[in-house]
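File shown here: start_16.csv, holding CSV, C-alpha atoms.
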```csv
chain,number,residue,atom,x,y,z
A,1,GLY,CA,79.7,142.1,134.5
A,2,VAL,CA,78.3,141.4,138.0
A,3,GLY,CA,81.1,143.4,139.5
A,4,VAL,CA,80.3,146.4,137.3
A,5,TYR,CA,76.6,146.1,138.3
A,6,VAL,CA,77.4,146.0,142.0
A,7,PHE,CA,80.0,148.7,141.8
A,8,PHE,CA,78.0,151.3,139.8
A,9,VAL,CA,74.3,150.4,140.2
A,10,ARG,CA,73.8,148.4,143.3
A,11,ARG,CA,76.1,150.2,145.7
A,12,LYS,CA,77.0,153.2,143.6
A,13,LEU,CA,80.5,153.2,144.9
A,14,HIS,CA,81.8,155.4,142.1
A,15,LYS,CA,79.9,158.3,143.8
A,16,LYS,CA,81.9,158.0,147.0
A,17,GLY,CA,85.1,159.2,145.3
A,18,GLY,CA,88.7,158.3,146.2
A,19,LEU,CA,91.5,157.2,144.1
A,20,GLN,CA,91.3,153.6,145.2
A,21,LEU,CA,87.6,153.3,144.2
A,22,LEU,CA,88.3,155.0,140.9
A,23,LEU,CA,91.0,152.5,140.1
A,24,GLN,CA,88.7,149.6,141.1
A,25,GLY,CA,85.9,150.9,138.9
A,26,ASN,CA,88.2,151.3,135.9
A,27,LEU,CA,89.6,147.9,136.4
A,28,LEU,CA,86.1,146.4,136.5
A,29,ILE,CA,85.2,148.1,133.2
A,30,LEU,CA,88.4,146.9,131.6
A,31,LEU,CA,87.9,143.3,132.7
A,32,THR,CA,84.3,143.5,131.5
A,33,LEU,CA,85.3,144.8,128.0
A,34,LEU,CA,88.1,142.2,127.9
A,35,SER,CA,85.8,139.4,128.7
A,36,MET,CA,83.4,140.6,126.0
A,37,PHE,CA,86.3,140.7,123.5
A,38,LEU,CA,87.3,137.1,124.5
A,39,LEU,CA,83.7,135.9,124.2
A,40,ALA,CA,83.3,137.4,120.8
A,41,GLY,CA,86.6,136.1,119.6
A,42,GLU,CA,85.9,132.6,121.0
A,43,CYS,CA,82.5,132.5,119.3
A,44,TYR,CA,84.1,133.6,116.0
A,45,TYR,CA,87.0,131.1,116.0
A,46,ARG,CA,84.9,128.3,117.4
A,47,PHE,CA,81.7,128.6,115.2
A,48,VAL,CA,82.5,130.9,112.2
A,49,TYR,CA,86.2,130.7,111.3
A,50,ASP,CA,86.9,127.9,108.8
A,51,GLN,CA,90.5,128.1,107.7
A,52,THR,CA,93.6,126.0,107.8
A,53,ASP,CA,97.3,126.4,108.7
A,54,SER,CA,100.2,124.8,106.9
A,55,PHE,CA,101.2,122.4,109.8
A,56,ALA,CA,97.7,121.6,111.1
A,57,LEU,CA,98.7,122.8,114.5
A,58,THR,CA,95.5,124.7,115.5
A,59,ASN,CA,92.2,123.5,116.8
A,60,SER,CA,90.6,125.3,113.9
A,61,THR,CA,92.6,123.3,111.4
A,62,ASN,CA,91.9,119.9,113.1
A,63,ARG,CA,88.2,120.7,113.1
A,64,TRP,CA,88.4,121.8,109.5
A,65,ILE,CA,89.8,118.4,108.5
A,66,LEU,CA,87.1,116.6,110.4
A,67,ARG,CA,84.5,118.7,108.7
A,68,HIS,CA,85.8,118.6,105.1
A,69,TYR,CA,87.7,115.4,104.8
A,70,LYS,CA,85.2,112.7,103.8
A,71,LEU,CA,86.9,109.3,103.2
A,72,ASN,CA,85.9,106.7,100.7
A,73,ASN,CA,86.0,102.9,100.8
A,74,MET,CA,89.8,102.8,100.6
A,75,ASN,CA,90.2,105.5,103.3
A,76,PHE,CA,91.3,108.2,100.9
A,77,ARG,CA,89.7,111.6,100.7
A,78,ASP,CA,87.3,111.6,97.7
A,79,SER,CA,83.6,111.8,96.8
A,80,VAL,CA,83.6,108.4,95.0
A,81,ASP,CA,84.5,104.9,96.0
A,82,TYR,CA,87.2,103.0,94.2
A,83,SER,CA,86.9,99.6,92.5
A,84,PRO,CA,89.8,97.1,92.2
A,85,SER,CA,89.5,97.0,88.4
A,86,CYS,CA,89.0,99.9,86.0
A,87,PRO,CA,85.5,100.0,84.4
A,88,GLU,CA,85.4,98.9,80.8
A,89,GLY,CA,86.0,101.7,78.2
A,90,LYS,CA,87.8,103.9,80.7
A,91,VAL,CA,91.5,104.8,81.4
A,92,ARG,CA,92.6,104.6,85.0
A,93,ILE,CA,94.6,107.5,86.3
A,94,THR,CA,96.0,107.0,89.8
A,95,PHE,CA,97.4,110.1,91.5
A,96,VAL,CA,99.9,109.5,94.3
A,97,GLY,CA,100.9,112.4,96.5
A,98,ASP,CA,100.8,114.3,99.8
A,99,SER,CA,98.7,117.1,101.2
A,100,PHE,CA,98.9,119.1,97.9
A,101,THR,CA,97.2,116.2,96.2
A,102,VAL,CA,94.7,115.6,99.1
A,103,GLY,CA,93.6,119.2,98.8
A,104,HIS,CA,94.6,120.6,102.2
A,105,GLY,CA,92.8,123.9,102.5
A,106,ILE,CA,90.3,123.1,99.7
A,107,LYS,CA,86.8,122.8,101.3
A,108,ASP,CA,85.0,121.3,98.3
A,109,VAL,CA,86.9,118.2,97.2
A,110,GLU,CA,85.4,118.7,93.7
A,111,GLN,CA,87.6,121.8,93.4
A,112,ARG,CA,90.8,119.8,93.9
A,113,PHE,CA,92.9,119.3,90.7
A,114,ALA,CA,92.4,115.5,90.6
A,115,ASN,CA,88.6,115.9,90.7
A,116,LEU,CA,88.7,118.7,88.1
A,117,VAL,CA,90.7,116.3,85.8
A,118,ARG,CA,88.0,113.7,86.4
A,119,HIS,CA,85.3,116.2,85.3
A,120,GLN,CA,87.3,117.3,82.3
A,121,ASP,CA,87.4,113.9,80.7
A,122,PRO,CA,84.6,111.4,81.3
A,123,GLY,CA,86.8,108.7,79.7
A,124,LEU,CA,89.1,108.8,82.7
A,125,GLU,CA,88.7,106.9,85.9
A,126,VAL,CA,90.6,108.9,88.5
A,127,GLN,CA,91.9,107.6,91.8
A,128,VAL,CA,93.6,109.7,94.5
A,129,LEU,CA,95.9,107.7,96.7
A,130,ALA,CA,97.3,110.5,98.9
A,131,GLY,CA,97.6,111.6,102.5
A,132,ASN,CA,98.9,114.5,104.5
A,133,GLY,CA,102.6,114.3,105.2
A,134,MET,CA,103.2,111.4,102.7
A,135,ASP,CA,106.8,111.6,101.5
A,136,THR,CA,108.5,109.4,98.9
A,137,GLY,CA,109.2,106.6,101.4
A,138,HIS,CA,105.6,106.5,102.4
A,139,GLN,CA,104.5,106.5,98.8
A,140,LEU,CA,106.8,103.6,98.0
A,141,GLU,CA,105.5,101.6,100.9
A,142,MET,CA,101.9,102.3,100.0
A,143,LEU,CA,102.4,101.1,96.4
A,144,LYS,CA,104.2,98.0,97.5
A,145,ASN,CA,101.3,97.1,99.7
A,146,LEU,CA,98.6,98.0,97.2
A,147,GLN,CA,97.3,94.6,96.3
A,148,GLY,CA,94.3,93.7,94.2
A,149,THR,CA,94.1,97.1,92.4
A,150,ASP,CA,94.8,97.5,88.7
A,151,LEU,CA,97.1,100.3,87.7
A,152,GLU,CA,97.4,101.9,84.2
A,153,TYR,CA,98.8,105.4,84.6
A,154,VAL,CA,100.4,106.3,87.9
A,155,VAL,CA,100.9,110.1,88.3
A,156,LEU,CA,103.3,110.9,91.1
A,157,VAL,CA,102.5,114.4,92.3
A,158,TYR,CA,105.9,115.5,93.6
A,159,CYS,CA,106.5,118.2,96.1
A,160,LEU,CA,110.0,119.5,96.7
A,161,ASN,CA,110.0,118.4,100.3
A,162,ASP,CA,109.1,114.7,99.5
A,163,LEU,CA,112.7,113.8,100.5
A,164,SER,CA,112.2,115.2,104.0
A,165,ASP,CA,111.7,111.7,105.6
A,166,ILE,CA,115.4,111.0,104.9
A,167,ILE,CA,116.7,114.4,106.2
A,168,PRO,CA,117.7,113.9,109.9
A,169,GLU,CA,117.6,117.7,110.6
A,170,TYR,CA,114.2,118.0,109.1
A,171,GLN,CA,112.8,115.3,111.3
A,172,GLN,CA,114.4,116.8,114.4
A,173,VAL,CA,112.9,120.2,113.6
A,174,LEU,CA,109.5,118.6,113.0
A,175,GLU,CA,109.6,116.9,116.3
A,176,ARG,CA,110.6,120.2,118.0
A,177,ILE,CA,107.7,122.0,116.4
A,178,TYR,CA,105.1,119.5,117.6
A,179,GLU,CA,106.7,118.6,121.0
A,180,LYS,CA,108.0,122.0,122.1
A,181,HIS,CA,104.8,123.9,121.5
A,182,THR,CA,102.4,122.2,123.7
A,183,PRO,CA,99.7,124.7,124.7
A,184,GLY,CA,98.5,125.1,128.3
A,185,TYR,CA,95.0,124.4,129.5
A,186,LEU,CA,93.4,127.7,128.2
A,187,ALA,CA,95.2,127.7,124.9
A,188,TYR,CA,94.4,124.0,124.4
A,189,ASN,CA,90.7,124.4,125.1
A,190,SER,CA,90.0,127.9,123.7
A,191,TYR,CA,89.8,128.2,119.9
A,192,LEU,CA,90.7,131.9,120.2
A,193,LEU,CA,93.7,131.6,122.5
A,194,ASN,CA,94.8,128.4,120.6
A,195,THR,CA,94.8,130.4,117.3
A,196,LEU,CA,96.7,133.4,118.8
A,197,TYR,CA,99.2,131.0,120.5
A,198,TYR,CA,100.2,129.2,117.3
A,199,ARG,CA,100.2,132.4,115.2
A,200,TRP,CA,102.7,133.8,117.7
A,201,ILE,CA,104.8,130.6,117.4
A,202,ALA,CA,104.7,130.8,113.6
A,203,PHE,CA,106.0,134.4,113.8
A,204,ALA,CA,108.6,133.9,116.5
A,205,ASP,CA,110.0,130.3,116.2
A,206,PRO,CA,113.0,130.1,113.9
A,207,ASP,CA,112.4,126.4,113.3
A,208,ILE,CA,109.1,127.2,111.6
A,209,LYS,CA,110.4,130.4,109.8
A,210,ASN,CA,113.3,128.5,108.3
A,211,PHE,CA,111.6,125.1,107.9
A,212,TYR,CA,112.1,124.8,104.1
A,213,GLN,CA,115.8,125.8,104.2
A,214,PHE,CA,116.6,122.1,104.9
A,215,THR,CA,115.0,121.1,101.6
A,216,LEU,CA,117.2,123.4,99.6
A,217,GLU,CA,120.3,122.1,101.2
A,218,ALA,CA,119.2,118.4,100.8
A,219,TYR,CA,119.3,118.7,97.0
A,220,GLN,CA,123.0,119.8,97.2
A,221,ASN,CA,124.3,116.9,99.3
A,222,GLN,CA,124.2,113.1,99.6
A,223,ILE,CA,120.5,113.2,100.5
A,224,TRP,CA,119.8,113.9,96.8
A,225,ASP,CA,121.7,110.8,95.8
A,226,GLN,CA,119.5,108.7,98.1
A,227,GLN,CA,116.4,110.4,96.7
A,228,LYS,CA,117.4,109.6,93.2
A,229,LYS,CA,117.6,105.9,94.1
A,230,ARG,CA,114.2,106.0,95.6
A,231,MET,CA,112.8,107.7,92.5
A,232,THR,CA,114.3,105.0,90.3
A,233,GLU,CA,112.8,102.3,92.6
A,234,LEU,CA,109.4,103.9,92.3
A,235,ARG,CA,109.6,103.9,88.5
A,236,ASP,CA,110.6,100.2,88.5
A,237,LEU,CA,107.9,99.3,91.0
A,238,VAL,CA,105.2,101.0,88.8
A,239,LYS,CA,106.6,99.3,85.7
A,240,ALA,CA,106.6,95.9,87.4
A,241,ARG,CA,102.9,96.4,88.0
A,242,GLY,CA,102.3,96.9,84.2
A,243,ALA,CA,101.7,100.6,84.5
A,244,GLU,CA,103.3,103.7,83.3
A,245,LEU,CA,104.7,106.4,85.6
A,246,LEU,CA,104.1,110.1,85.0
A,247,VAL,CA,105.3,112.9,87.3
A,248,VAL,CA,103.9,116.3,88.1
A,249,THR,CA,106.0,118.6,90.2
A,250,PHE,CA,104.5,121.4,92.3
A,251,PRO,CA,106.6,124.4,93.3
A,252,PHE,CA,106.6,125.8,96.8
A,253,ILE,CA,103.6,128.1,96.6
A,254,HIS,CA,104.8,130.3,99.4
A,255,ALA,CA,108.1,131.1,97.6
A,256,LEU,CA,106.6,132.0,94.2
A,257,GLY,CA,107.8,135.3,92.6
A,258,SER,CA,110.6,136.8,90.6
A,259,ASP,CA,113.2,135.7,93.2
A,260,TYR,CA,112.0,132.0,93.5
A,261,SER,CA,115.0,130.3,95.1
A,262,TYR,CA,114.2,126.7,94.2
A,263,ALA,CA,114.4,127.0,90.4
A,264,ALA,CA,117.7,125.0,90.3
A,265,VAL,CA,116.0,122.2,92.2
A,266,HIS,CA,113.3,122.0,89.5
A,267,GLN,CA,116.0,121.7,86.9
A,268,GLN,CA,117.6,118.8,88.9
A,269,LEU,CA,114.4,117.0,89.1
A,270,ASP,CA,113.5,117.4,85.4
A,271,ALA,CA,117.0,116.2,84.4
A,272,HIS,CA,116.7,113.1,86.6
A,273,TRP,CA,113.2,112.2,85.3
A,274,GLN,CA,114.4,112.6,81.8
A,275,SER,CA,117.3,110.2,82.5
A,276,LEU,CA,114.8,107.7,83.8
A,277,ASP,CA,112.6,108.2,80.7
A,278,VAL,CA,109.7,109.3,82.8
A,279,PRO,CA,107.4,112.0,81.4
A,280,HIS,CA,107.5,115.1,83.6
A,281,LEU,CA,105.3,118.1,83.9
A,282,ASP,CA,106.7,121.0,86.0
A,283,LEU,CA,104.0,123.3,87.2
A,284,LEU,CA,106.5,126.0,87.9
A,285,ASP,CA,106.0,127.0,84.3
A,286,THR,CA,102.2,127.0,84.7
A,287,TYR,CA,102.5,129.4,87.7
A,288,GLN,CA,104.9,131.9,86.0
A,289,GLY,CA,103.9,135.4,86.7
A,290,GLN,CA,101.8,134.5,89.7
A,291,THR,CA,102.5,135.5,93.3
A,292,ALA,CA,102.2,133.5,96.5
A,293,GLU,CA,99.3,135.8,97.6
A,294,GLN,CA,97.3,134.8,94.5
A,295,LEU,CA,97.8,131.1,94.8
A,296,ARG,CA,98.1,130.1,98.4
A,297,VAL,CA,95.2,129.1,100.7
A,298,ASN,CA,95.7,132.0,103.1
A,299,LYS,CA,98.6,133.8,104.8
A,300,TYR,CA,99.0,131.0,107.3
A,301,ASP,CA,98.6,128.1,104.9
A,302,ALA,CA,101.0,127.8,102.0
A,303,HIS,CA,99.1,125.0,100.2
A,304,PRO,CA,97.6,125.8,96.7
A,305,ASN,CA,94.2,127.4,96.7
A,306,GLU,CA,91.3,126.8,94.3
A,307,GLU,CA,92.7,129.0,91.6
A,308,ALA,CA,96.1,127.1,91.8
A,309,HIS,CA,94.3,123.8,91.6
A,310,ALA,CA,92.3,124.9,88.6
A,311,MET,CA,95.4,126.0,86.8
A,312,ALA,CA,97.1,122.7,87.7
A,313,ALA,CA,94.1,120.7,86.5
A,314,ARG,CA,94.2,122.4,83.1
A,315,ALA,CA,97.9,121.7,82.7
A,316,ILE,CA,97.7,118.1,84.0
A,317,GLY,CA,94.7,117.4,81.7
A,318,ALA,CA,96.6,118.5,78.7
A,319,PHE,CA,99.7,116.6,79.9
A,320,LEU,CA,97.6,113.4,80.2
A,321,ARG,CA,96.0,113.8,76.8
A,322,SER,CA,99.4,114.2,75.2
A,323,GLU,CA,100.8,111.1,76.8
A,324,ARG,CA,97.8,109.0,75.9
A,325,GLU,CA,97.8,110.2,72.3
A,326,ASN,CA,101.4,109.4,71.9
A,327,ALA,CA,101.2,105.9,73.4
A,328,PRO,CA,98.8,104.5,70.8
A,329,ALA,CA,100.8,106.1,67.9
A,330,VAL,CA,103.8,104.1,69.0
A,331,ASP,CA,101.8,100.9,69.2
A,332,ALA,CA,100.3,101.4,65.8
A,333,GLU,CA,103.7,102.0,64.2
A,334,ALA,CA,105.0,98.8,65.8
A,335,GLU,CA,102.1,96.8,64.4
A,336,GLN,CA,102.8,98.0,60.9
A,337,LYS,CA,106.3,96.7,60.9
A,338,PRO,CA,106.6,93.3,59.1
A,339,ALA,CA,107.4,90.4,61.3
A,340,PRO,CA,111.0,89.1,61.0
A,341,GLU,CA,111.4,86.1,58.8
```
With the file now loaded, output its structure as structure tokens.
Amino acid sequence: GVGVYVFFVRRKLHKKGGLQLLLQGNLLILLTLLSMFLLAGECYYRFVYDQTDSFALTNSTNRWILRHYKLNNMNFRDSVDYSPSCPEGKVRITFVGDSFTVGHGIKDVEQRFANLVRHQDPGLEVQVLAGNGMDTGHQLEMLKNLQGTDLEYVVLVYCLNDLSDIIPEYQQVLERIYEKHTPGYLAYNSYLLNTLYYRWIAFADPDIKNFYQFTLEAYQNQIWDQQKKRMTELRDLVKARGAELLVVTFPFIHALGSDYSYAAVHQQLDAHWQSLDVPHLDLLDTYQGQTAEQLRVNKYDAHPNEEAHAMAARAIGAFLRSERENAPAVDAEAEQKPAPE
């Protein structure tokens, strides 16, 4: 701006003519316009833009998490604190899951499916023990270390990539994504350049574009056998705590559509949960007829949006009511049987 002022107003060099001066003047105007564009873009992404990306790579996403994740007394994202024992007259529902359960991309935590289930039924006392990136191994470890907290119904919110912690290739790709793409000084400190940098990476890096392919392959090899053992261990762990395990499976939101390529995986999961005698709700049926564009947070974040959470909450609420209604019926029938002589 100072250069344009000096060139055109102060010294009026543009009036002296000459190709060199003409090029200098045009370059100054170009740089001024470019700096204005960068300033406007920086202000927008630093102060206005409030969205997330799937991998939490950008400065905007990290700021979003700091802004919208409020932790309770047990360091889980929620608007209420948790007590060790369930209040009298209520039924405790404990959701266990990853970023889908946390509500990554959902600004208002009350629009998350677990909180919506809480609002649906005042007779429920809902806890959400979930964290970004938690896979089956992390969930097992958390439940093993969960001391002094009563459990009644544990709802495992399963995502298809919950076995990723035992896929060597998956971990290698994840490390490459976070280690290979270290932004330089400007891209690190500028919100605009940081966003543009990672959007280019998401478009050009084959590791990110093919990230979920490892999941599909894992369900077809020995990794699936290891995962089945861990699922069985989780059921036994919950049972040993005197609670009942229920499972809700989310599909990959980004892949929804008529050519959804993970349908066979859902069938595998359902068959295994049936073999373990664990009630299972598959949300793929709930989202039939919906597209990724309708249910994802945004084009850069494949997590479920508010509409997807609302649909899930209605299905999960009905699922929980059905399981609770069936349980007392079994108990009552058992009480009516005459005692053996």
Just checking: using only C-alpha atoms, which residue out of A:Tyr260, A:Leu30, A:Ala218, A:Val278 ends up closest to Asp236 (chain A)?
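Once distances to Asp236 (chain A) are computed over only C-alpha atoms, the minimum belongs to A:Val278.
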Could you give me, as JSON lines, a per-residue list for region 128-168 of chain A showing, wherever an atom lies at most 7 Å from an atom of region 57-77 of chain A, the closest pair of atoms and their distance in Å to one decimal, using only C-alpha atoms and sorting by chain then residue number from low to high?
```
{"residue": "A:Val128", "atom": "CA", "partner": "A:Phe76", "partner_atom": "CA", "distance": 7.0}
{"residue": "A:Leu129", "atom": "CA", "partner": "A:Phe76", "partner_atom": "CA", "distance": 6.2}
{"residue": "A:Ala130", "atom": "CA", "partner": "A:Phe76", "partner_atom": "CA", "distance": 6.7}
```
With C-alpha atoms kept, could you save the residues just selected as a PDB file, in the frame of the given file?
```
ATOM      1  CA  VAL A 128      93.600 109.700  94.500  1.00  0.00           C
ATOM      2  CA  LEU A 129      95.900 107.700  96.700  1.00  0.00           C
ATOM      3  CA  ALA A 130      97.300 110.500  98.900  1.00  0.00           C
TER       4      ALA A 130
END
```
Please report, as AutoDock Vina command-line options, the centre and edge lengths in Å to one decimal of an axis-aligned box covering all listed atoms of region 158-165 of chain A with 4 Å per side.
```
--center_x 109.3 --center_y 115.6 --center_z 99.6 --size_x 14.8 --size_y 15.8 --size_z 20.0
```
Taking 5 positions as the minimum chain separation for residues in the same chain, which residues sit within 12 Å of Gly1 (chain A) when counting all atoms listed in the file? Answer as a PyMOL selection string.
chain A and resi 6-9+25+27-36
Compile the contact shell of Tyr197 (chain A) as a ChimeraX atom specification: residues with an atom at most 12 Å away, counting all atoms listed in the file, same-chain residues fewer than 3 positions apart removed.
/A:57-59,181-194,200-205
With a cut-off of 12 Å, could you pull out the residues of region 104-178 of chain A touching region 80-99 of chain A and give me the nearest pair of atoms for each, distance in Å to one decimal, using only C-alpha atoms, ordered by chain and ascending number, as a tab-separated table?
```
residue	atom	partner	partner_atom	distance
A:His104	CA	A:Ser99	CA	5.5
A:Gly105	CA	A:Ser99	CA	9.1
A:Ile106	CA	A:Ser99	CA	10.4
A:Val109	CA	A:Val80	CA	10.6
A:Glu110	CA	A:Val80	CA	10.5
A:Arg112	CA	A:Ser99	CA	11.1
A:Phe113	CA	A:Phe95	CA	10.3
A:Ala114	CA	A:Phe95	CA	7.4
A:Asn115	CA	A:Val80	CA	10.0
A:Val117	CA	A:Ile93	CA	9.6
A:Arg118	CA	A:Ile93	CA	9.1
A:Asp121	CA	A:Val91	CA	10.0
A:Pro122	CA	A:Lys90	CA	8.2
A:Gly123	CA	A:Lys90	CA	5.0
A:Leu124	CA	A:Val91	CA	4.8
A:Glu125	CA	A:Arg92	CA	4.6
A:Val126	CA	A:Ile93	CA	4.8
A:Gln127	CA	A:Thr94	CA	4.6
A:Val128	CA	A:Phe95	CA	4.9
A:Leu129	CA	A:Val96	CA	5.0
A:Ala130	CA	A:Gly97	CA	4.7
A:Gly131	CA	A:Asp98	CA	5.0
A:Asn132	CA	A:Ser99	CA	4.2
A:Gly133	CA	A:Asp98	CA	5.7
A:Met134	CA	A:Asp98	CA	4.8
A:Asp135	CA	A:Asp98	CA	6.8
A:Thr136	CA	A:Gly97	CA	8.5
A:Gly137	CA	A:Gly97	CA	11.2
A:His138	CA	A:Asp98	CA	9.5
A:Gln139	CA	A:Val96	CA	7.1
A:Leu140	CA	A:Val96	CA	9.8
A:Glu141	CA	A:Val96	CA	11.7
A:Met142	CA	A:Val96	CA	9.4
A:Leu143	CA	A:Val96	CA	9.0
A:Leu146	CA	A:Pro84	CA	10.2
A:Gln147	CA	A:Pro84	CA	8.9
A:Gly148	CA	A:Pro84	CA	6.0
A:Thr149	CA	A:Pro84	CA	4.3
A:Asp150	CA	A:Ser85	CA	5.3
A:Leu151	CA	A:Arg92	CA	6.8
A:Glu152	CA	A:Arg92	CA	5.6
A:Tyr153	CA	A:Ile93	CA	5.0
A:Val154	CA	A:Thr94	CA	4.8
A:Val155	CA	A:Phe95	CA	4.7
A:Leu156	CA	A:Val96	CA	4.9
A:Val157	CA	A:Gly97	CA	4.9
A:Tyr158	CA	A:Gly97	CA	6.6
A:Cys159	CA	A:Asp98	CA	7.8
A:Leu160	CA	A:Asp98	CA	11.0
A:Asn161	CA	A:Asp98	CA	10.1
A:Asp162	CA	A:Asp98	CA	8.3
A:Leu163	CA	A:Asp98	CA	11.9
```
How many Å separate CA of Arg321 (chain A) from CA of Val297 (chain A)?
28.4 Å
Would you fill the gaps in region 86-98 of chain A so it has N, CA, C and O atoms, then print it as a PDB file, keeping the file's coordinate frame?
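Now in selection.pdb:
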```pdb
ATOM      1  N   CYS A  86      89.494  98.675  86.662  1.00  0.00           N
ATOM      2  CA  CYS A  86      89.000  99.900  86.000  1.00  0.00           C
ATOM      3  C   CYS A  86      87.757  99.484  85.142  1.00  0.00           C
ATOM      4  O   CYS A  86      87.738  98.450  84.459  1.00  0.00           O
ATOM      5  N   PRO A  87      86.704 100.300  85.176  1.00  0.00           N
ATOM      6  CA  PRO A  87      85.500 100.000  84.400  1.00  0.00           C
ATOM      7  C   PRO A  87      85.856  99.941  82.882  1.00  0.00           C
ATOM      8  O   PRO A  87      86.745 100.641  82.401  1.00  0.00           O
ATOM      9  N   GLU A  88      85.153  99.103  82.186  1.00  0.00           N
ATOM     10  CA  GLU A  88      85.400  98.900  80.800  1.00  0.00           C
ATOM     11  C   GLU A  88      85.203 100.198  79.982  1.00  0.00           C
ATOM     12  O   GLU A  88      84.247 100.933  80.213  1.00  0.00           O
ATOM     13  N   GLY A  89      86.130 100.476  79.067  1.00  0.00           N
ATOM     14  CA  GLY A  89      86.000 101.700  78.200  1.00  0.00           C
ATOM     15  C   GLY A  89      86.624 102.909  78.847  1.00  0.00           C
ATOM     16  O   GLY A  89      86.567 103.981  78.236  1.00  0.00           O
ATOM     17  N   LYS A  90      87.202 102.786  80.035  1.00  0.00           N
ATOM     18  CA  LYS A  90      87.800 103.900  80.700  1.00  0.00           C
ATOM     19  C   LYS A  90      89.313 103.705  80.882  1.00  0.00           C
ATOM     20  O   LYS A  90      89.799 102.575  80.831  1.00  0.00           O
ATOM     21  N   VAL A  91      90.020 104.803  81.101  1.00  0.00           N
ATOM     22  CA  VAL A  91      91.500 104.800  81.400  1.00  0.00           C
ATOM     23  C   VAL A  91      91.679 105.156  82.814  1.00  0.00           C
ATOM     24  O   VAL A  91      91.215 106.222  83.256  1.00  0.00           O
ATOM     25  N   ARG A  92      92.373 104.333  83.570  1.00  0.00           N
ATOM     26  CA  ARG A  92      92.600 104.600  85.000  1.00  0.00           C
ATOM     27  C   ARG A  92      93.801 105.509  85.194  1.00  0.00           C
ATOM     28  O   ARG A  92      94.901 105.223  84.724  1.00  0.00           O
ATOM     29  N   ILE A  93      93.570 106.602  85.908  1.00  0.00           N
ATOM     30  CA  ILE A  93      94.600 107.500  86.300  1.00  0.00           C
ATOM     31  C   ILE A  93      94.709 107.487  87.833  1.00  0.00           C
ATOM     32  O   ILE A  93      93.721 107.799  88.512  1.00  0.00           O
ATOM     33  N   THR A  94      95.855 107.107  88.361  1.00  0.00           N
ATOM     34  CA  THR A  94      96.000 107.000  89.800  1.00  0.00           C
ATOM     35  C   THR A  94      97.014 108.065  90.265  1.00  0.00           C
ATOM     36  O   THR A  94      98.210 107.997  89.974  1.00  0.00           O
ATOM     37  N   PHE A  95      96.503 109.089  90.955  1.00  0.00           N
ATOM     38  CA  PHE A  95      97.400 110.100  91.500  1.00  0.00           C
ATOM     39  C   PHE A  95      97.907 109.687  92.861  1.00  0.00           C
ATOM     40  O   PHE A  95      97.158 109.202  93.721  1.00  0.00           O
ATOM     41  N   VAL A  96      99.201 109.851  93.045  1.00  0.00           N
ATOM     42  CA  VAL A  96      99.900 109.500  94.300  1.00  0.00           C
ATOM     43  C   VAL A  96     100.569 110.774  94.803  1.00  0.00           C
ATOM     44  O   VAL A  96     101.339 111.394  94.053  1.00  0.00           O
ATOM     45  N   GLY A  97     100.303 111.166  96.052  1.00  0.00           N
ATOM     46  CA  GLY A  97     100.900 112.400  96.500  1.00  0.00           C
ATOM     47  C   GLY A  97     100.684 112.652  98.001  1.00  0.00           C
ATOM     48  O   GLY A  97     100.297 111.759  98.757  1.00  0.00           O
ATOM     49  N   ASP A  98     100.905 113.905  98.381  1.00  0.00           N
ATOM     50  CA  ASP A  98     100.800 114.300  99.800  1.00  0.00           C
ATOM     51  C   ASP A  98      99.643 115.277  99.965  1.00  0.00           C
ATOM     52  O   ASP A  98      98.632 115.184  99.268  1.00  0.00           O
TER      53      ASP A  98
END
```
